Every structure is written in C-alpha cells, then in structure tokens.
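*Asks:* Here you go, this is start.csv (CSV, N, CA and C atoms and all ligand atoms).
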chain,number,residue,atom,x,y,z
A,90,MET,N,6.5,-49.6,31.6
A,90,MET,CA,7.3,-49.0,32.7
A,90,MET,C,7.5,-49.9,33.8
A,91,LYS,N,8.6,-50.6,33.8
A,91,LYS,CA,8.8,-51.5,34.9
A,91,LYS,C,10.2,-51.4,35.5
A,92,LYS,N,11.2,-51.0,34.7
A,92,LYS,CA,12.6,-50.9,35.2
A,92,LYS,C,12.9,-49.6,35.8
A,93,LEU,N,13.9,-49.6,36.6
A,93,LEU,CA,14.3,-48.3,37.2
A,93,LEU,C,14.8,-47.3,36.2
A,94,THR,N,15.3,-47.9,35.1
A,94,THR,CA,15.8,-47.0,34.0
A,94,THR,C,14.7,-46.4,33.2
A,95,ASP,N,13.5,-46.8,33.4
A,95,ASP,CA,12.3,-46.2,32.8
A,95,ASP,C,11.9,-44.9,33.5
A,96,LEU,N,12.3,-44.8,34.7
A,96,LEU,CA,11.9,-43.6,35.5
A,96,LEU,C,12.5,-42.3,34.9
A,97,ARG,N,11.7,-41.3,34.9
A,97,ARG,CA,12.1,-40.0,34.5
A,97,ARG,C,11.5,-39.0,35.4
A,98,PRO,N,11.9,-37.7,35.4
A,98,PRO,CA,11.3,-36.7,36.3
A,98,PRO,C,9.8,-36.5,36.0
A,99,CYS,N,9.2,-35.9,36.9
A,99,CYS,CA,7.7,-35.6,36.8
A,99,CYS,C,7.5,-34.9,35.5
A,100,ASP,N,6.5,-35.2,34.7
A,100,ASP,CA,6.3,-34.6,33.5
A,100,ASP,C,5.6,-33.2,33.6
A,101,HIS,N,5.2,-32.9,34.8
A,101,HIS,CA,4.6,-31.6,35.1
A,101,HIS,C,5.6,-30.6,35.6
A,102,CYS,N,6.2,-30.9,36.8
A,102,CYS,CA,7.1,-30.0,37.4
A,102,CYS,C,8.6,-30.3,37.1
A,103,GLY,N,8.9,-31.4,36.5
A,103,GLY,CA,10.3,-31.7,36.3
A,103,GLY,C,11.1,-32.2,37.5
A,104,GLY,N,10.4,-32.3,38.6
A,104,GLY,CA,11.1,-32.7,39.8
A,104,GLY,C,11.2,-34.3,39.9
A,105,PRO,N,11.9,-34.7,40.9
A,105,PRO,CA,12.1,-36.2,41.1
A,105,PRO,C,10.8,-36.8,41.6
A,106,LEU,N,10.7,-38.1,41.2
A,106,LEU,CA,9.5,-38.9,41.7
A,106,LEU,C,9.9,-39.4,43.1
A,107,THR,N,9.9,-38.6,44.1
A,107,THR,CA,10.4,-39.0,45.4
A,107,THR,C,9.4,-39.7,46.2
A,108,GLY,N,9.8,-40.4,47.2
A,108,GLY,CA,8.9,-41.0,48.1
A,108,GLY,C,8.4,-42.4,47.7
A,109,GLY,N,8.8,-42.8,46.5
A,109,GLY,CA,8.4,-44.1,46.0
A,109,GLY,C,7.0,-44.2,45.5
A,110,LEU,N,6.3,-43.1,45.6
A,110,LEU,CA,4.9,-43.1,45.2
A,110,LEU,C,4.7,-42.0,44.1
A,111,PHE,N,4.3,-42.5,42.9
A,111,PHE,CA,4.0,-41.5,41.9
A,111,PHE,C,2.8,-42.1,41.0
A,112,HIS,N,2.4,-41.3,40.0
A,112,HIS,CA,1.2,-41.7,39.3
A,112,HIS,C,1.6,-41.8,37.8
A,113,VAL,N,1.1,-42.8,37.1
A,113,VAL,CA,1.3,-43.0,35.7
A,113,VAL,C,-0.1,-42.9,35.1
A,114,LEU,N,-0.2,-41.9,34.2
A,114,LEU,CA,-1.5,-41.7,33.5
A,114,LEU,C,-1.3,-42.1,32.0
A,115,ARG,N,-2.2,-42.9,31.5
A,115,ARG,CA,-2.2,-43.3,30.1
A,115,ARG,C,-3.5,-42.9,29.5
A,116,PHE,N,-3.5,-42.2,28.4
A,116,PHE,CA,-4.7,-41.7,27.8
A,116,PHE,C,-4.5,-41.6,26.3
A,117,SER,N,-5.6,-41.6,25.5
A,117,SER,CA,-5.4,-41.6,24.1
A,117,SER,C,-6.7,-41.0,23.5
A,118,LEU,N,-6.5,-40.8,22.2
A,118,LEU,CA,-7.7,-40.3,21.4
A,118,LEU,C,-8.8,-41.4,21.3
A,119,ALA,N,-10.0,-40.9,21.2
A,119,ALA,CA,-11.1,-41.9,21.0
A,119,ALA,C,-12.0,-41.2,20.0
A,120,VAL,N,-12.7,-42.1,19.3
A,120,VAL,CA,-13.6,-41.5,18.2
A,120,VAL,C,-14.9,-42.4,18.2
A,121,VAL,N,-16.0,-41.7,17.9
A,121,VAL,CA,-17.3,-42.4,17.7
A,121,VAL,C,-17.4,-42.5,16.2
A,122,LYS,N,-17.7,-43.8,15.7
A,122,LYS,CA,-17.8,-44.0,14.3
A,122,LYS,C,-19.2,-43.5,13.8
A,123,ALA,N,-19.1,-42.6,12.9
A,123,ALA,CA,-20.3,-41.9,12.3
A,123,ALA,C,-21.3,-43.0,11.7
A,124,GLN,N,-20.7,-44.0,11.0
A,124,GLN,CA,-21.5,-45.0,10.4
A,124,GLN,C,-22.3,-45.7,11.4
A,125,ALA,N,-21.7,-46.0,12.6
A,125,ALA,CA,-22.4,-46.8,13.6
A,125,ALA,C,-23.6,-45.9,14.2
A,126,VAL,N,-23.3,-44.7,14.4
A,126,VAL,CA,-24.3,-43.8,14.9
A,126,VAL,C,-25.5,-43.7,14.0
A,127,ASN,N,-25.1,-43.5,12.7
A,127,ASN,CA,-26.2,-43.4,11.7
A,127,ASN,C,-27.0,-44.7,11.6
A,128,GLU,N,-26.3,-45.8,11.6
A,128,GLU,CA,-27.1,-47.1,11.6
A,128,GLU,C,-28.0,-47.2,12.8
A,129,PHE,N,-27.5,-46.9,14.0
A,129,PHE,CA,-28.3,-47.0,15.2
A,129,PHE,C,-29.5,-46.1,15.1
A,130,ALA,N,-29.2,-44.8,14.7
A,130,ALA,CA,-30.3,-43.9,14.6
A,130,ALA,C,-31.4,-44.3,13.6
A,131,GLY,N,-30.9,-44.8,12.5
A,131,GLY,CA,-31.8,-45.3,11.4
A,131,GLY,C,-32.7,-46.4,11.8
A,132,ILE,N,-32.1,-47.4,12.5
A,132,ILE,CA,-32.9,-48.5,13.0
A,132,ILE,C,-33.9,-48.1,14.0
A,133,SER,N,-33.4,-47.2,14.9
A,133,SER,CA,-34.3,-46.7,15.9
A,133,SER,C,-35.5,-45.9,15.3
A,134,ARG,N,-35.2,-45.1,14.3
A,134,ARG,CA,-36.3,-44.4,13.6
A,134,ARG,C,-37.2,-45.4,12.9
A,135,PHE,N,-36.6,-46.5,12.4
A,135,PHE,CA,-37.5,-47.5,11.7
A,135,PHE,C,-38.5,-48.0,12.7
A,136,PHE,N,-38.1,-48.2,13.9
A,136,PHE,CA,-39.1,-48.7,14.9
A,136,PHE,C,-39.9,-47.6,15.6
A,137,GLY,N,-39.8,-46.4,15.0
A,137,GLY,CA,-40.5,-45.3,15.5
A,137,GLY,C,-40.0,-44.8,16.9
A,138,GLY,N,-38.8,-45.1,17.2
A,138,GLY,CA,-38.3,-44.6,18.5
A,138,GLY,C,-38.8,-45.4,19.7
A,139,ARG,N,-39.6,-46.5,19.4
A,139,ARG,CA,-40.2,-47.2,20.6
A,139,ARG,C,-39.4,-48.5,20.9
A,140,ALA,N,-38.5,-48.8,20.2
A,140,ALA,CA,-37.7,-50.1,20.5
A,140,ALA,C,-36.6,-49.8,21.5
A,141,SER,N,-36.3,-50.8,22.3
A,141,SER,CA,-35.3,-50.6,23.3
A,141,SER,C,-33.9,-50.6,22.6
A,142,ALA,N,-32.9,-50.1,23.3
A,142,ALA,CA,-31.6,-50.0,22.8
A,142,ALA,C,-31.1,-51.4,22.4
A,143,ALA,N,-31.4,-52.4,23.2
A,143,ALA,CA,-31.0,-53.8,23.0
A,143,ALA,C,-31.6,-54.3,21.7
A,144,VAL,N,-32.9,-54.0,21.4
A,144,VAL,CA,-33.5,-54.5,20.2
A,144,VAL,C,-32.9,-53.8,19.0
A,145,VAL,N,-32.6,-52.5,19.1
A,145,VAL,CA,-32.0,-51.7,18.0
A,145,VAL,C,-30.6,-52.3,17.7
A,146,MET,N,-29.9,-52.6,18.8
A,146,MET,CA,-28.5,-53.2,18.6
A,146,MET,C,-28.5,-54.4,17.8
A,147,ASN,N,-29.6,-55.2,17.9
A,147,ASN,CA,-29.7,-56.5,17.2
A,147,ASN,C,-29.7,-56.2,15.7
A,148,PHE,N,-30.3,-55.1,15.3
A,148,PHE,CA,-30.4,-54.8,13.8
A,148,PHE,C,-29.4,-53.8,13.4
A,149,ALA,N,-28.6,-53.3,14.3
A,149,ALA,CA,-27.5,-52.4,13.9
A,149,ALA,C,-26.2,-52.9,14.5
A,150,PRO,N,-25.6,-54.0,13.8
A,150,PRO,CA,-24.4,-54.6,14.4
A,150,PRO,C,-23.2,-53.7,14.4
A,151,ALA,N,-23.1,-52.7,13.6
A,151,ALA,CA,-22.0,-51.7,13.7
A,151,ALA,C,-22.0,-51.0,15.0
A,152,ALA,N,-23.1,-50.8,15.6
A,152,ALA,CA,-23.2,-50.0,16.8
A,152,ALA,C,-22.5,-50.7,18.0
A,153,ALA,N,-22.2,-52.0,17.8
A,153,ALA,CA,-21.5,-52.7,18.9
A,153,ALA,C,-20.1,-52.3,19.0
A,154,ASP,N,-19.5,-51.8,17.9
A,154,ASP,CA,-18.1,-51.3,17.9
A,154,ASP,C,-18.1,-49.9,17.5
A,155,ALA,N,-19.0,-49.1,18.1
A,155,ALA,CA,-19.1,-47.7,17.7
A,155,ALA,C,-18.0,-46.8,18.2
A,156,ILE,N,-17.4,-47.2,19.3
A,156,ILE,CA,-16.4,-46.3,20.0
A,156,ILE,C,-15.1,-47.0,19.8
A,157,VAL,N,-14.1,-46.2,19.3
A,157,VAL,CA,-12.8,-46.7,19.1
A,157,VAL,C,-11.9,-45.9,20.0
A,158,VAL,N,-11.2,-46.6,21.0
A,158,VAL,CA,-10.2,-45.9,21.8
A,158,VAL,C,-8.9,-46.4,21.3
A,159,ALA,N,-8.2,-45.4,20.8
A,159,ALA,CA,-7.0,-45.7,20.0
A,159,ALA,C,-6.0,-46.6,20.7
A,160,MET,N,-5.8,-46.4,22.0
A,160,MET,CA,-4.8,-47.2,22.7
A,160,MET,C,-5.2,-48.6,22.9
A,161,ASP,N,-6.5,-48.9,22.6
A,161,ASP,CA,-6.9,-50.3,22.7
A,161,ASP,C,-6.7,-51.1,21.4
A,162,GLU,N,-6.4,-50.3,20.3
A,162,GLU,CA,-6.2,-51.0,19.0
A,162,GLU,C,-4.7,-51.2,18.8
A,163,PRO,N,-4.3,-52.5,18.5
A,163,PRO,CA,-2.9,-52.8,18.4
A,163,PRO,C,-2.1,-51.9,17.4
A,164,ASP,N,-2.7,-51.5,16.3
A,164,ASP,CA,-2.0,-50.7,15.3
A,164,ASP,C,-2.1,-49.2,15.6
A,165,ALA,N,-2.7,-48.8,16.7
A,165,ALA,CA,-2.8,-47.4,16.9
A,165,ALA,C,-2.3,-47.0,18.3
A,166,ARG,N,-1.5,-47.9,18.9
A,166,ARG,CA,-1.0,-47.7,20.3
A,166,ARG,C,-0.1,-46.4,20.3
A,167,ALA,N,0.5,-46.0,19.2
A,167,ALA,CA,1.3,-44.8,19.2
A,167,ALA,C,0.5,-43.6,19.5
A,168,LEU,N,-0.8,-43.7,19.5
A,168,LEU,CA,-1.7,-42.5,19.8
A,168,LEU,C,-1.9,-42.4,21.3
A,169,MET,N,-1.4,-43.4,22.1
A,169,MET,CA,-1.5,-43.3,23.5
A,169,MET,C,-0.4,-42.4,24.1
A,170,THR,N,-0.8,-41.6,25.1
A,170,THR,CA,0.2,-40.8,25.8
A,170,THR,C,0.3,-41.3,27.2
A,171,GLU,N,1.6,-41.4,27.7
A,171,GLU,CA,1.8,-41.8,29.0
A,171,GLU,C,2.6,-40.7,29.7
A,172,VAL,N,2.1,-40.2,30.8
A,172,VAL,CA,2.8,-39.2,31.6
A,172,VAL,C,2.9,-39.7,33.0
A,173,VAL,N,4.0,-39.3,33.7
A,173,VAL,CA,4.2,-39.6,35.1
A,173,VAL,C,4.1,-38.3,35.9
A,174,LEU,N,3.5,-38.4,37.0
A,174,LEU,CA,3.3,-37.2,37.8
A,174,LEU,C,3.8,-37.6,39.3
A,175,CYS,N,4.5,-36.6,39.9
A,175,CYS,CA,4.8,-36.8,41.3
A,175,CYS,C,3.5,-36.7,42.1
A,176,ASN,N,3.5,-37.1,43.3
A,176,ASN,CA,2.3,-37.1,44.1
A,176,ASN,C,1.8,-35.7,44.3
A,177,ARG,N,2.7,-34.7,44.4
A,177,ARG,CA,2.2,-33.3,44.6
A,177,ARG,C,1.5,-32.8,43.4
A,178,CYS,N,2.1,-33.1,42.2
A,178,CYS,CA,1.4,-32.6,40.9
A,178,CYS,C,0.1,-33.3,40.6
A,179,TYR,N,0.1,-34.6,41.0
A,179,TYR,CA,-1.1,-35.4,40.8
A,179,TYR,C,-2.3,-34.7,41.6
A,180,CYS,N,-2.0,-34.1,42.7
A,180,CYS,CA,-3.1,-33.5,43.5
A,180,CYS,C,-3.3,-32.0,43.1
A,181,ASP,N,-2.5,-31.5,42.2
A,181,ASP,CA,-2.5,-30.1,41.7
A,181,ASP,C,-3.3,-30.1,40.4
A,182,ASP,N,-3.5,-28.8,39.9
A,182,ASP,CA,-4.1,-28.6,38.6
A,182,ASP,C,-3.1,-28.9,37.5
A,183,VAL,N,-3.4,-29.8,36.6
A,183,VAL,CA,-2.6,-30.0,35.5
A,183,VAL,C,-3.4,-30.0,34.2
A,184,ASN,N,-2.8,-29.6,33.1
A,184,ASN,CA,-3.4,-29.5,31.8
A,184,ASN,C,-2.9,-30.7,31.0
A,185,LEU,N,-3.8,-31.7,30.8
A,185,LEU,CA,-3.4,-32.9,30.2
A,185,LEU,C,-2.9,-32.7,28.7
A,186,ALA,N,-3.6,-31.7,28.1
A,186,ALA,CA,-3.2,-31.4,26.7
A,186,ALA,C,-1.7,-30.9,26.6
A,187,VAL,N,-1.4,-30.1,27.6
A,187,VAL,CA,0.0,-29.5,27.6
A,187,VAL,C,1.0,-30.6,27.9
A,188,LEU,N,0.6,-31.5,28.8
A,188,LEU,CA,1.5,-32.6,29.2
A,188,LEU,C,1.7,-33.6,28.0
A,189,ALA,N,0.6,-33.8,27.2
A,189,ALA,CA,0.7,-34.7,26.1
A,189,ALA,C,1.6,-34.0,25.0
A,190,GLU,N,1.5,-32.7,24.8
A,190,GLU,CA,2.4,-32.1,23.9
A,190,GLU,C,3.9,-32.2,24.3
A,191,LYS,N,4.1,-32.0,25.6
A,191,LYS,CA,5.5,-32.1,26.1
A,191,LYS,C,6.0,-33.5,25.9
A,192,ARG,N,5.2,-34.5,26.2
A,192,ARG,CA,5.6,-35.9,26.0
A,192,ARG,C,5.9,-36.2,24.5
A,193,ALA,N,5.0,-35.7,23.7
A,193,ALA,CA,5.2,-35.9,22.2
A,193,ALA,C,6.5,-35.3,21.8
A,194,ALA,N,6.8,-34.1,22.3
A,194,ALA,CA,8.1,-33.5,21.9
A,194,ALA,C,9.3,-34.2,22.4
A,195,ALA,N,9.1,-34.7,23.7
A,195,ALA,CA,10.2,-35.5,24.3
A,195,ALA,C,10.5,-36.8,23.6
A,196,THR,N,9.4,-37.5,23.2
A,196,THR,CA,9.6,-38.8,22.5
A,196,THR,C,10.0,-38.6,21.1
A,197,ALA,N,9.7,-37.4,20.5
A,197,ALA,CA,10.1,-37.2,19.1
A,197,ALA,C,11.6,-37.0,19.1
A,198,ASP,N,12.2,-36.6,20.2
A,198,ASP,CA,13.7,-36.5,20.2
A,198,ASP,C,14.4,-37.8,20.4
A,199,THR,N,13.7,-38.8,20.9
A,199,THR,CA,14.3,-40.1,21.3
A,199,THR,C,13.8,-41.2,20.4
A,200,ASP,N,12.6,-41.2,19.9
A,200,ASP,CA,12.0,-42.3,19.2
A,200,ASP,C,12.4,-42.3,17.7
A,201,THR,N,12.0,-43.4,17.1
A,201,THR,CA,12.2,-43.5,15.7
A,201,THR,C,11.0,-42.7,15.0
A,202,PRO,N,11.1,-42.2,13.8
A,202,PRO,CA,10.1,-41.4,13.2
A,202,PRO,C,8.7,-42.2,13.1
A,203,ALA,N,8.7,-43.5,13.1
A,203,ALA,CA,7.5,-44.2,12.9
A,203,ALA,C,6.6,-44.1,14.2
A,204,THR,N,7.2,-43.8,15.3
A,204,THR,CA,6.4,-43.8,16.6
A,204,THR,C,6.1,-42.3,17.0
A,205,THR,N,6.5,-41.3,16.2
A,205,THR,CA,6.3,-40.0,16.7
A,205,THR,C,5.2,-39.3,16.0
A,206,THR,N,4.3,-40.0,15.4
A,206,THR,CA,3.1,-39.4,14.7
A,206,THR,C,1.9,-39.2,15.6
A,207,ALA,N,2.1,-39.0,16.9
A,207,ALA,CA,1.0,-38.9,17.8
A,207,ALA,C,0.4,-37.5,17.7
B,1,ZN,ZN,5.5,-32.9,39.8
Please, can you express the file's structure as structure tokens?
*Replies:*
Amino acid sequence: MKKLTDLRPCDHCGGPLTGGLFHVLRFSLAVVKAQAVNEFAGISRFFGGRASAAVVMNFAPAAADAIVVAMDEPDARALMTEVVLCNRCYCDDVNLAVLAEKRAAATADTDTPATTTA
C-alpha cells in the first residue's frame, strides 16, 4: 500500500481515512509445529527436566523453527490479512475476526481465485 489508488474506506466504519493519519494492520494465522514440541519435550524428559532450554535446543533442532507465522512464509502470504482503520476506529473496539472476514469477502470479489483461499 503505497499509492493513492490503494486507499480505500475504513474497513470498520466504511468512512473516509481523513486527516492523513490512519492505521494499517497486517496479521495472519500462526501455528506451532507439533513435531517440534514433541521433540523438545522428549529431549527435556531425557535430561530429566534439569537441562536448560538452550541445552535442549541443541539436541532438538526442529524446535528452532517451531512457530510458523504464515505471512512470513513466501508461499503462504495469501493467509495474511491487511485492514485499514481510521484513527477513530483504531481507538474504538474492533473485532479483528469480523474485519478479516469482511476483507476476505471484499478481496474474493476482486482477486483471482488463487489468492482468495484465506
Ligand atoms: Zn473507521
């Protein structure tokens, strides 16, 4: 979002992004890999729970990449949601899940089918 043509109304209230100040929120799904957790727990159990996390990590290499944030992965960026909020809505109560659904519906109308699987 850099061009003036990228601007759209506030995703919460539908009002204009007036005043030149607004907020862009980008968020995505994240997951903890079960294999990494099991490996970490297994190695920790092997040491009787007395080894530090750093020592356990040396013997559980999968634990180093245990958390996957979808928008950080090049092939899963479609799972990222970007919403824009006017300054008033940013300070108000908003439901991010509702906003994500609204954005998914809006982008489904304009995007190609390959990018609408969020
Ligand atoms: Zn608003």
*Asks:* I'd like to know which of A:Val144, A:Val183, A:Ala167, A:Ile156 is closest to A:Val121, using only C-alpha atoms.
*Replies:*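 Distance minimum relative to A:Val121 lands on A:Ile156.
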*Asks:* For A:Leu174, find every residue with an atom within 12 Å (counting only C-alpha atoms), except residues of its own chain fewer than 2 positions away, and show them as an MDAnalysis selection string.
*Replies:* chainID A and resid 96:107 109:115 171:172 176:185 188
*Asks:* Could you state the separation of atom CA of A:Cys175 and atom C of A:Asp95 in Å, given to one decimal place?
*Replies:*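 Between atom CA of A:Cys175 and atom C of A:Asp95 the gap is 13.3 Å.
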*Asks:* Give the answer as one residue: which of A:Val158, A:Val173, A:Ala193, A:Ala152 has the shortest atom-to-atom distance to ligand ZN 1 (chain B), using all atoms listed in the file?
*Replies:*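 Counting all atoms listed in the file, the residue closest to ligand ZN 1 (chain B) is A:Val173.
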*Asks:* Which residue is closest to A:Ala119? Choose from A:Met169, A:Val157, A:Ala189, A:Ala195 and count all atoms listed in the file.
*Replies:*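 Counting all atoms listed in the file, the residue closest to A:Ala119 is A:Val157.
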*Asks:* If you measure from atom N of A:Gly108 to atom C of A:Thr94, what distance in Å do you get, rounded to one decimal?
*Replies:*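 These atoms are spaced 16.0 Å apart.
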*Asks:* Record the distance separating atom CA of A:Glu128 and atom N of A:Arg166, expressed in Å with one decimal.
*Replies:*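 Atom-to-atom, atom CA of A:Glu128 and atom N of A:Arg166 are spaced 26.6 Å apart.
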*Asks:* Please give the complete set of residues from chain A that DSSP, run on the backbone, assigns to helix (DSSP H, G or I), formatted as a ChimeraX atom specification.
*Replies:* /A:93-95,107-109,123-135,142-148,150-154,159-161,163-168,176-179,185-199,202-204
*Asks:* Determine which residues of chain A receive a DSSP assignment of strand (DSSP E), computed from the backbone, and state them as a PyMOL selection string.
*Replies:* chain A and resi 111-117+119-121+156-158+169-175
*Asks:* In terms of the shortest atom-to-atom distance over only N, CA and C atoms, which of A:Ala194, A:Ala153, A:Ala143, A:Met160 is closest to A:Leu118?
*Replies:*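 Smallest distance to A:Leu118 is found for A:Met160.
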